[in-house]
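Content type compact mmCIF, C-alpha atoms, from the file upload.txt:
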```txt
# COMPACT_ATOMS: atom_id res chain seq x y z
CA MET A 1 107.25 178.03 -7.63
CA ASN A 2 109.52 177.58 -10.61
CA GLN A 3 110.08 173.81 -10.52
CA THR A 4 113.25 174.08 -12.63
CA ILE A 5 115.29 175.87 -9.94
CA ALA A 6 118.50 173.85 -9.48
CA LYS A 7 117.10 170.33 -9.81
CA LYS A 8 120.61 169.06 -9.23
CA ARG A 9 120.08 169.82 -5.50
CA TRP A 10 118.06 166.61 -5.23
CA PHE A 11 120.80 164.44 -6.71
CA TYR A 12 123.64 166.16 -4.86
CA LEU A 13 122.35 166.92 -1.37
CA ILE A 14 119.67 164.31 -0.67
CA PRO A 15 121.97 161.24 -0.95
CA ILE A 16 124.45 162.96 1.39
CA ALA A 17 121.71 163.76 3.93
CA PHE A 18 120.33 160.23 3.66
CA ILE A 19 123.70 158.54 4.26
CA THR A 20 124.52 160.83 7.19
CA TYR A 21 121.26 160.18 9.00
CA SER A 22 121.51 156.47 8.14
CA LEU A 23 124.86 156.22 9.90
CA ALA A 24 123.46 158.03 12.92
CA TYR A 25 120.53 155.68 13.08
CA LEU A 26 122.68 152.59 12.63
CA ASP A 27 124.73 153.44 15.70
CA ARG A 28 121.72 154.05 17.89
CA ALA A 29 119.45 151.18 16.82
CA ASN A 30 121.90 148.26 16.81
CA TYR A 31 121.81 148.14 20.62
CA GLY A 32 118.57 146.16 20.32
CA PHE A 33 120.47 143.43 18.48
CA GLY A 34 123.33 143.49 20.95
CA ALA A 35 120.85 143.10 23.82
CA ALA A 36 119.11 140.20 22.08
CA SER A 37 122.31 138.36 21.23
CA GLY A 38 124.61 138.08 24.23
CA LEU A 39 125.54 141.58 25.44
CA ALA A 40 123.28 141.35 28.47
CA LYS A 41 124.46 137.85 29.34
CA ASP A 42 128.19 138.60 28.92
CA LEU A 43 128.06 141.75 31.04
CA ASP A 44 125.62 140.23 33.55
CA ILE A 45 122.94 142.84 32.87
CA THR A 46 119.42 142.33 34.22
CA ALA A 47 116.30 142.93 32.11
CA ALA A 48 115.57 146.20 33.95
CA THR A 49 119.14 147.45 33.51
CA SER A 50 119.10 146.48 29.84
CA SER A 51 115.93 148.55 29.39
CA LEU A 52 117.59 151.54 31.06
CA LEU A 53 120.69 151.19 28.87
CA GLY A 54 118.57 151.04 25.74
CA ALA A 55 116.71 154.15 26.82
CA LEU A 56 119.66 156.12 28.22
CA PHE A 57 120.74 157.20 24.73
CA PHE A 58 117.58 159.29 24.45
CA LEU A 59 118.19 161.06 27.74
CA GLY A 60 121.49 162.42 26.40
CA TYR A 61 119.73 163.13 23.10
CA PHE A 62 117.05 165.14 24.93
CA PHE A 63 119.29 167.66 26.69
CA PHE A 64 121.35 168.94 23.76
CA GLN A 65 118.82 169.34 20.93
CA VAL A 66 118.16 173.08 21.24
CA PRO A 67 121.82 174.12 21.71
CA GLY A 68 122.67 172.07 18.61
CA ALA A 69 119.97 173.76 16.55
CA ALA A 70 121.07 177.20 17.77
CA TYR A 71 124.64 176.50 16.66
CA ALA A 72 123.45 175.17 13.29
CA GLU A 73 121.27 178.26 12.66
CA LYS A 74 123.70 180.90 13.86
CA LYS A 75 127.01 179.33 12.83
CA SER A 76 127.28 176.09 10.86
CA ALA A 77 125.40 172.81 10.54
CA LYS A 78 128.30 171.52 8.45
CA VAL A 79 130.87 171.95 11.23
CA LEU A 80 128.61 170.54 13.94
CA ILE A 81 127.72 167.40 12.00
CA PHE A 82 131.37 166.81 11.00
CA TRP A 83 132.50 166.55 14.61
CA SER A 84 129.38 164.66 15.61
CA LEU A 85 130.05 161.99 12.97
CA ILE A 86 133.54 161.36 14.31
CA ALA A 87 132.41 161.31 17.94
CA TRP A 88 129.46 158.98 17.54
CA GLY A 89 131.42 156.59 15.30
CA LEU A 90 134.12 156.24 17.96
CA LEU A 91 131.57 155.85 20.76
CA ALA A 92 129.62 153.21 18.83
CA THR A 93 132.86 151.30 18.23
CA ALA A 94 133.74 151.61 21.92
CA THR A 95 130.47 149.86 22.78
CA GLY A 96 132.00 146.67 21.38
CA MET A 97 134.99 146.99 23.73
CA VAL A 98 133.28 147.53 27.08
CA THR A 99 133.94 145.12 29.91
CA ASN A 100 131.59 146.48 32.57
CA VAL A 101 128.13 147.96 32.70
CA LYS A 102 129.20 151.28 34.27
CA LEU A 103 131.26 152.20 31.21
CA LEU A 104 128.36 151.15 28.98
CA PHE A 105 126.11 153.62 30.82
CA VAL A 106 128.58 156.43 30.06
CA ILE A 107 128.91 155.45 26.39
CA ARG A 108 125.15 155.19 25.79
CA PHE A 109 124.51 158.61 27.35
CA ALA A 110 127.43 160.22 25.48
CA LEU A 111 126.24 158.68 22.21
CA GLY A 112 122.90 160.42 22.73
CA VAL A 113 124.62 163.75 23.40
CA VAL A 114 126.74 163.73 20.23
CA GLU A 115 123.90 162.49 18.02
CA SER A 116 121.46 165.06 19.39
CA ALA A 117 122.66 167.72 16.94
CA VAL A 118 122.08 165.60 13.84
CA MET A 119 118.32 165.79 13.31
CA PRO A 120 117.77 169.54 14.00
CA SER A 121 120.96 170.47 12.14
CA MET A 122 119.95 168.45 9.10
CA LEU A 123 116.45 169.96 9.14
CA VAL A 124 117.98 173.46 9.34
CA LEU A 125 120.31 172.60 6.47
CA LEU A 126 117.49 171.31 4.26
CA SER A 127 115.33 174.36 5.02
CA ASN A 128 118.21 176.47 3.63
CA TRP A 129 118.19 174.50 0.40
CA PHE A 130 114.60 173.42 -0.33
CA THR A 131 111.44 175.48 -0.74
CA LYS A 132 108.06 175.08 0.93
CA LYS A 133 106.65 172.96 -1.89
CA GLU A 134 109.65 170.63 -1.71
CA ARG A 135 110.21 170.41 2.01
CA SER A 136 108.06 167.42 2.94
CA ARG A 137 109.80 165.27 0.32
CA ALA A 138 113.26 166.58 1.28
CA ASN A 139 112.58 165.83 4.95
CA THR A 140 111.29 162.39 4.06
CA PHE A 141 114.37 161.45 2.07
CA LEU A 142 116.42 162.49 5.11
CA ILE A 143 114.33 160.53 7.60
CA LEU A 144 114.17 157.53 5.25
CA GLY A 145 117.63 156.92 6.64
CA ASN A 146 115.81 155.69 9.75
CA PRO A 147 113.69 152.78 8.41
CA ALA A 148 116.05 152.03 5.51
CA THR A 149 118.94 151.63 7.94
CA VAL A 150 116.96 149.48 10.36
CA LEU A 151 115.93 147.35 7.38
CA TRP A 152 119.45 146.43 6.25
CA MET A 153 120.95 146.74 9.73
CA SER A 154 118.51 144.12 11.02
CA ILE A 155 119.73 141.66 8.39
CA VAL A 156 123.46 142.53 8.52
CA SER A 157 123.55 142.67 12.32
CA GLY A 158 121.98 139.23 12.53
CA TYR A 159 124.72 137.79 10.32
CA LEU A 160 127.50 139.73 12.08
CA VAL A 161 126.38 138.56 15.51
CA GLU A 162 126.27 134.96 14.30
CA SER A 163 129.65 135.22 12.51
CA VAL A 164 131.82 137.38 14.80
CA GLY A 165 129.75 138.10 17.91
CA TRP A 166 128.08 141.20 19.30
CA ARG A 167 131.34 143.00 20.11
CA TRP A 168 132.62 142.99 16.53
CA MET A 169 129.15 143.93 15.31
CA PHE A 170 129.42 147.24 17.22
CA ILE A 171 133.04 147.82 16.15
CA ILE A 172 132.39 147.16 12.45
CA GLU A 173 129.19 149.22 12.35
CA GLY A 174 130.76 152.20 14.18
CA LEU A 175 133.74 152.87 11.91
CA PRO A 176 131.89 154.02 8.72
CA ALA A 177 130.69 157.21 10.48
CA VAL A 178 134.29 158.31 11.09
CA VAL A 179 135.22 157.80 7.43
CA TRP A 180 132.05 159.53 6.22
CA ALA A 181 132.82 162.65 8.31
CA PHE A 182 135.62 163.63 5.92
CA ILE A 183 133.48 162.97 2.84
CA TRP A 184 130.74 165.14 4.40
CA TRP A 185 133.23 167.97 4.99
CA LYS A 186 134.35 167.92 1.38
CA LEU A 187 130.87 167.85 -0.20
CA VAL A 188 128.51 169.99 1.92
CA ASN A 189 127.86 173.77 2.10
CA ASP A 190 125.62 175.46 4.66
CA LYS A 191 123.99 177.85 2.16
CA PRO A 192 123.37 177.85 -1.61
CA LYS A 193 125.51 180.99 -2.01
CA ASP A 194 128.60 178.96 -0.98
CA ALA A 195 128.04 176.10 -3.44
CA LYS A 196 130.48 175.96 -6.35
CA TRP A 197 128.27 173.44 -8.17
CA LEU A 198 125.42 175.97 -8.64
CA THR A 199 125.40 178.75 -11.23
CA ASP A 200 125.02 182.34 -10.08
CA LYS A 201 121.48 182.44 -11.53
CA GLU A 202 120.49 179.23 -9.72
CA LYS A 203 121.80 180.64 -6.45
CA ALA A 204 119.93 183.92 -6.91
CA ASP A 205 116.64 182.26 -7.95
CA LEU A 206 116.72 179.86 -5.00
CA GLU A 207 117.60 182.54 -2.45
CA LEU A 208 114.80 184.75 -3.84
CA GLN A 209 112.23 181.95 -3.57
CA LEU A 210 113.24 181.15 0.02
CA ALA A 211 113.13 184.83 0.97
CA LYS A 212 109.62 185.24 -0.52
CA GLU A 213 108.32 182.41 1.67
CA GLN A 214 109.31 184.32 4.79
CA GLU A 215 107.31 187.43 3.85
CA GLY A 216 103.95 186.25 5.17
CA ILE A 217 105.24 184.89 8.48
CA LYS A 218 104.96 186.96 11.63
CA PRO A 219 108.42 187.92 12.96
CA VAL A 220 109.47 186.15 16.15
CA LYS A 221 112.24 187.73 18.20
CA ASN A 222 113.78 184.70 19.86
CA TYR A 223 113.42 181.07 20.86
CA ALA A 224 111.58 181.93 24.08
CA GLU A 225 108.76 183.58 22.13
CA ALA A 226 108.64 180.72 19.62
CA PHE A 227 108.47 178.09 22.36
CA LYS A 228 105.40 179.81 23.86
CA SER A 229 103.46 179.32 20.63
CA LYS A 230 100.50 177.04 21.35
CA PRO A 231 100.93 174.96 18.15
CA VAL A 232 104.60 174.38 19.06
CA ILE A 233 103.63 173.27 22.58
CA LEU A 234 100.94 170.92 21.28
CA LEU A 235 103.22 169.48 18.59
CA SER A 236 105.92 168.90 21.23
CA ILE A 237 103.51 166.84 23.35
CA GLN A 238 102.26 165.07 20.23
CA TYR A 239 105.78 164.09 19.18
CA PHE A 240 106.57 162.90 22.71
CA LEU A 241 103.64 160.46 22.55
CA TRP A 242 104.36 159.43 18.96
CA SER A 243 107.99 158.64 19.83
CA ILE A 244 106.93 156.40 22.69
CA GLY A 245 105.34 154.11 20.12
CA VAL A 246 108.14 154.36 17.54
CA TYR A 247 111.10 153.66 19.80
CA GLY A 248 109.36 151.14 21.98
CA PHE A 249 108.83 149.31 18.69
CA VAL A 250 112.35 149.82 17.26
CA MET A 251 114.24 148.88 20.42
CA TRP A 252 112.24 145.81 21.33
CA LEU A 253 110.98 144.32 18.05
CA PRO A 254 114.00 141.96 17.78
CA SER A 255 113.34 140.66 21.30
CA ILE A 256 109.60 140.28 20.59
CA ILE A 257 110.30 138.24 17.45
CA LYS A 258 113.15 136.26 19.05
CA ALA A 259 110.73 135.07 21.73
CA ALA A 260 108.71 133.13 19.14
CA PRO A 261 109.18 129.33 19.16
CA ASN A 262 112.22 128.00 17.25
CA MET A 263 113.38 131.51 16.27
CA ASP A 264 117.13 132.02 15.62
CA ILE A 265 118.93 135.39 15.44
CA VAL A 266 119.34 135.41 11.62
CA THR A 267 115.62 134.76 11.05
CA THR A 268 114.89 137.41 13.69
CA GLY A 269 117.00 139.85 11.65
CA TRP A 270 115.12 139.13 8.42
CA LEU A 271 111.70 139.38 10.05
CA SER A 272 112.68 142.57 11.92
CA SER A 273 113.42 144.23 8.57
CA VAL A 274 109.93 143.70 7.10
CA PRO A 275 108.10 146.63 8.82
CA TYR A 276 110.69 149.04 7.47
CA ILE A 277 110.02 148.02 3.86
CA LEU A 278 106.40 149.12 4.34
CA ALA A 279 107.61 152.23 6.19
CA ILE A 280 109.74 153.34 3.22
CA ILE A 281 106.85 152.90 0.78
CA LEU A 282 104.39 154.79 2.99
CA MET A 283 106.85 157.60 3.78
CA LEU A 284 107.51 158.29 0.11
CA THR A 285 103.80 158.16 -0.73
CA ALA A 286 102.71 160.42 2.15
CA SER A 287 105.38 163.04 1.48
CA TYR A 288 104.64 163.15 -2.25
CA PHE A 289 100.93 163.77 -1.80
CA SER A 290 101.47 166.13 1.14
CA ASP A 291 103.62 168.40 -1.05
CA LYS A 292 101.31 168.00 -4.04
CA MET A 293 98.18 168.91 -2.04
CA MET A 294 100.00 171.30 0.37
CA ASN A 295 98.18 169.50 3.18
CA ARG A 296 100.19 168.38 6.20
CA SER A 297 97.77 167.15 8.87
CA ALA A 298 95.85 164.78 6.55
CA PHE A 299 99.08 162.82 6.14
CA VAL A 300 99.95 162.68 9.82
CA TRP A 301 97.08 161.82 12.18
CA PRO A 302 95.37 159.06 10.10
CA PHE A 303 98.58 157.04 9.99
CA LEU A 304 99.09 157.40 13.74
CA LEU A 305 95.54 156.20 14.30
CA ILE A 306 96.14 153.17 12.06
CA GLY A 307 99.29 152.39 14.06
CA ALA A 308 97.36 152.55 17.33
CA VAL A 309 94.63 150.22 16.05
CA ALA A 310 97.20 147.74 14.66
CA PHE A 311 99.07 147.59 17.99
CA TYR A 312 95.85 146.98 19.88
CA ALA A 313 94.71 144.31 17.40
CA SER A 314 98.07 142.57 17.73
CA TYR A 315 97.58 142.50 21.49
CA ALA A 316 93.98 141.27 21.18
CA ILE A 317 94.97 138.38 18.89
CA GLY A 318 97.77 137.32 21.21
CA THR A 319 101.11 135.61 20.79
CA GLN A 320 99.54 132.21 20.14
CA HIS A 321 98.81 133.43 16.59
CA PHE A 322 102.34 134.65 15.88
CA TRP A 323 102.08 135.30 12.13
CA ILE A 324 98.82 137.27 12.32
CA SER A 325 100.25 139.27 15.21
CA PHE A 326 103.45 139.84 13.21
CA VAL A 327 101.54 141.17 10.18
CA LEU A 328 99.75 143.64 12.46
CA LEU A 329 103.10 144.74 13.90
CA VAL A 330 104.34 145.32 10.35
CA ILE A 331 101.32 147.55 9.68
CA ALA A 332 101.86 149.41 12.96
CA GLY A 333 105.54 149.99 12.19
CA GLY A 334 104.90 151.21 8.65
CA ALA A 335 102.07 153.52 9.74
CA MET A 336 104.16 155.08 12.54
CA TYR A 337 106.92 156.08 10.11
CA ALA A 338 104.74 157.37 7.25
CA PRO A 339 104.03 160.92 8.61
CA TYR A 340 107.58 162.10 9.38
CA GLY A 341 108.10 164.20 6.23
CA PRO A 342 104.78 166.09 6.40
CA PHE A 343 105.15 166.55 10.17
CA PHE A 344 108.55 168.26 10.01
CA ALA A 345 107.37 170.46 7.13
CA ILE A 346 104.88 172.15 9.47
CA ILE A 347 107.21 174.24 11.64
CA PRO A 348 109.08 176.13 8.87
CA GLU A 349 105.65 177.10 7.52
CA ILE A 350 104.41 178.68 10.75
CA LEU A 351 107.60 180.24 12.17
CA PRO A 352 110.29 182.46 10.61
CA ARG A 353 113.67 181.00 9.70
CA ASN A 354 115.53 182.57 12.65
CA VAL A 355 113.61 180.41 15.18
CA ALA A 356 112.20 177.50 13.12
CA GLY A 357 115.28 175.36 13.73
CA GLY A 358 115.04 175.90 17.48
CA ALA A 359 111.35 175.02 17.48
CA MET A 360 112.05 171.83 15.50
CA ALA A 361 114.80 171.02 18.01
CA LEU A 362 112.41 171.55 20.94
CA ILE A 363 109.85 169.23 19.34
CA ASN A 364 112.54 166.69 18.49
CA SER A 365 113.91 166.85 22.04
CA MET A 366 110.46 166.05 23.38
CA GLY A 367 110.45 163.17 20.92
CA ALA A 368 113.76 162.05 22.43
CA LEU A 369 112.20 162.17 25.89
CA GLY A 370 109.30 160.12 24.58
CA SER A 371 111.81 157.71 23.05
CA PHE A 372 113.49 157.33 26.45
CA VAL A 373 110.13 156.65 28.10
CA GLY A 374 109.06 154.28 25.31
CA ALA A 375 112.29 152.29 25.17
CA TYR A 376 112.49 152.00 28.96
CA ILE A 377 108.86 151.32 29.84
CA VAL A 378 108.30 148.86 26.99
CA GLY A 379 111.38 146.92 28.13
CA TYR A 380 110.26 147.15 31.75
CA LEU A 381 106.73 145.95 30.95
CA ASN A 382 108.09 143.06 28.89
CA GLY A 383 110.30 141.96 31.80
CA ALA A 384 107.74 142.57 34.56
CA THR A 385 104.84 140.79 32.86
CA GLY A 386 106.79 138.05 31.08
CA GLY A 387 105.06 138.92 27.81
CA PHE A 388 104.46 141.71 25.32
CA GLY A 389 100.72 142.41 25.72
CA ALA A 390 101.08 145.26 28.22
CA SER A 391 103.66 147.05 26.08
CA TYR A 392 101.38 146.74 23.01
CA ILE A 393 98.60 148.48 24.94
CA PHE A 394 101.00 151.17 26.13
CA MET A 395 102.23 151.93 22.60
CA ALA A 396 98.71 151.83 21.15
CA GLY A 397 97.44 154.34 23.72
CA SER A 398 100.35 156.72 23.09
CA LEU A 399 99.79 156.71 19.33
CA PHE A 400 96.05 157.26 19.73
CA LEU A 401 96.63 160.34 21.89
CA SER A 402 99.25 161.68 19.45
CA ALA A 403 96.71 161.44 16.60
CA ILE A 404 94.20 163.51 18.60
CA LEU A 405 96.84 166.12 19.48
CA THR A 406 97.82 166.47 15.81
CA VAL A 407 94.28 167.52 14.90
CA TRP A 408 94.15 169.90 17.87
CA ALA A 409 97.49 171.57 17.00
CA VAL A 410 96.51 172.03 13.35
CA ASN A 411 93.15 173.55 14.28
CA VAL A 412 94.88 176.03 16.61
CA ALA A 413 97.31 176.99 13.85
CA LYS A 414 94.43 177.43 11.40
CA LYS A 415 92.72 179.85 13.79
CA ASP A 416 95.96 181.76 14.22
CA SER A 417 96.47 181.96 10.46
CA SER A 418 93.07 183.57 10.03
CA LYS A 419 94.20 186.54 12.14
CA PRO A 420 96.09 189.38 10.43
CA ALA A 421 99.89 189.20 10.68
CA GLU A 422 99.70 185.95 12.58
CA MET A 423 101.37 182.64 11.83
CA LYS A 424 100.32 181.01 8.57
CA MET A 425 100.22 177.30 7.99
CA SER A 426 99.11 174.88 5.30
CA ALA A 427 97.24 172.24 7.17
```

What is this structure when it is put down as structure tokens?
Amino acid sequence: MNQTIAKKRWFYLIPIAFITYSLAYLDRANYGFGAASGLAKDLDITAATSSLLGALFFLGYFFFQVPGAAYAEKKSAKVLIFWSLIAWGLLATATGMVTNVKLLFVIRFALGVVESAVMPSMLVLLSNWFTKKERSRANTFLILGNPATVLWMSIVSGYLVESVGWRWMFIIEGLPAVVWAFIWWKLVNDKPKDAKWLTDKEKADLELQLAKEQEGIKPVKNYAEAFKSKPVILLSIQYFLWSIGVYGFVMWLPSIIKAAPNMDIVTTGWLSSVPYILAIILMLTASYFSDKMMNRSAFVWPFLLIGAVAFYASYAIGTQHFWISFVLLVIAGGAMYAPYGPFFAIIPEILPRNVAGGAMALINSMGALGSFVGAYIVGYLNGATGGFGASYIFMAGSLFLSAILTVWAVNVAKKDSSKPAEMKMSA
């Protein structure tokens, strides 16, 4: 590939993608802080109900992934994300105004519905702008919005809760998405051909490169055919299991840390941010070498295995050795995040552009279902057992199985790529 094709794409589009996904992640992840700092007490919510509320977001997120991707591919990711930004900002703000748990159930589910379009739409958008050799890094800069947001959100939310309470925390953190929607509308184009900030030659060169990448991929008529692909099925199950570990961790880490002796909410916020510093470093490193070596699987399953071992070791050491256990949780958190960029670079390399977005949405929707299961069961296990050991084992087992499935899916895709006119994949 000609590496000089429109380098300005990185400086123009990536910050926009990063901020957009950051705002989405802020308004889904701050529930953990609300739950740990008075929301449950003020609304008289039991531990089991709090777990369900934390997880309900992902149920709404699960159902509307594929329709969102279909709209983004066939019509416009720009339009869909514009309206989604406004809707989720208002819903997140409304969370700070609720007075009863029934309304909170509605808001959490609706928040999942409107945010469901963000990830597949953004992946579709980036696949329209970045080539195969760039895609892992582009995806990673997008998904960095996840750990980077949790990093600063953990600190800021701790201070906001202490200063103005959990209600104002939700209100203050929900409004930026509404403002950003109009900035997004002004700056973003769905395709390079519509961008006024590219020259005609840059547009032509980029479109030619993207078109060439589609030449060796077997045509797929529709989503139904793509969803029957064995690698897609295996990767869907893999992402389901992976997400159990990730979102069990994200939703309940503040509560796990807060349970330590003499732990206040501000210190909890600072400590909760530490795993995401490691996550950012590992994500950037993994995506760089994945693109450089054009090897995806080698930068996915080893990290998941490390995460599984770290969770189990944290359980084995026990809560009586808090700081050792905490360091292991930091390692687990960083390792779980590291493979996102390489993982989401796989699908556009094995399926044609007309169905790749739908396949990524299917996989991401299974991740949402895994997130629902992880957030709910981890919370349930914590409440039922009075400790965190059982949930550590649950998350460790899920990550271990996801590592095995990654290897299996890649091997299947390799066999397919060795057949004439079949799917091709760099693994």

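When only C-alpha atoms are used to measure the gap to A:Ala368, the shortest distance among A:Phe299, A:Tyr21, A:Tyr239, A:Phe141 belongs to A:Tyr239.
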
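Coordinates place atom CA of A:Lys102 at a distance of 13.8 Å from atom CA of A:Asp42.
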
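Considering the residues A:Trp180, A:Tyr25, A:Phe394, A:Phe64 and counting all atoms listed in the file, A:Leu241 has its shortest atom-to-atom contact with A:Phe394.
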
Output, as AutoDock Vina command-line options, the centre and edge lengths in Å (one decimal) of the axis-aligned box that contains all listed atoms of stretch 23-32 of chain A with 3 Å of margin on each side.
```
--center_x 121.7 --center_y 152.1 --center_z 15.3 --size_x 12.3 --size_y 17.9 --size_z 16.7
```

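Of note, atom CA of A:Phe343 and atom CA of A:Gln209 are spaced 21.8 Å apart.
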
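Distances here use only C-alpha atoms; by that measure, the residue among A:Gly357, A:Gly333, A:Gly174, A:Gly68 closest to A:Asp27 is A:Gly174.
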
For stretch 147-158 of chain A, write N, CA, C and O atoms out as a compact mmCIF listing (two decimals), in the first residue's frame.
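Heads up, here's the output in part_20.txt:
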```
# COMPACT_ATOMS: atom_id res chain seq x y z
N PRO A 147 -11.36 2.38 27.39
CA PRO A 147 -10.56 2.47 28.61
C PRO A 147 -10.15 3.88 28.98
O PRO A 147 -10.05 4.22 30.16
N ALA A 148 -9.90 4.74 27.95
CA ALA A 148 -9.51 6.12 28.26
C ALA A 148 -10.62 6.84 28.99
O ALA A 148 -10.38 7.61 29.93
N THR A 149 -11.86 6.59 28.58
CA THR A 149 -13.00 7.23 29.24
C THR A 149 -13.17 6.71 30.65
O THR A 149 -13.41 7.49 31.59
N VAL A 150 -13.09 5.39 30.81
CA VAL A 150 -13.25 4.83 32.16
C VAL A 150 -12.14 5.35 33.07
O VAL A 150 -12.35 5.59 34.26
N LEU A 151 -10.96 5.58 32.50
CA LEU A 151 -9.83 6.10 33.28
C LEU A 151 -10.18 7.46 33.89
O LEU A 151 -10.16 7.64 35.11
N TRP A 152 -10.53 8.43 33.03
CA TRP A 152 -10.81 9.77 33.58
C TRP A 152 -12.17 9.83 34.24
O TRP A 152 -12.38 10.56 35.21
N MET A 153 -13.14 9.05 33.71
CA MET A 153 -14.47 9.03 34.31
C MET A 153 -14.42 8.52 35.74
O MET A 153 -15.14 9.01 36.62
N SER A 154 -13.55 7.53 36.00
CA SER A 154 -13.44 6.98 37.35
C SER A 154 -12.99 8.06 38.34
O SER A 154 -13.49 8.12 39.46
N ILE A 155 -12.07 8.90 37.89
CA ILE A 155 -11.56 9.96 38.76
C ILE A 155 -12.59 11.09 38.90
O ILE A 155 -12.95 11.50 40.00
N VAL A 156 -13.09 11.58 37.75
CA VAL A 156 -14.03 12.70 37.76
C VAL A 156 -15.33 12.32 38.47
O VAL A 156 -15.88 13.11 39.26
N SER A 157 -15.83 11.12 38.21
CA SER A 157 -17.08 10.69 38.83
C SER A 157 -16.94 10.62 40.35
O SER A 157 -17.87 10.96 41.09
N GLY A 158 -15.78 10.16 40.81
CA GLY A 158 -15.55 10.12 42.25
C GLY A 158 -15.66 11.50 42.87
O GLY A 158 -16.32 11.69 43.90
```
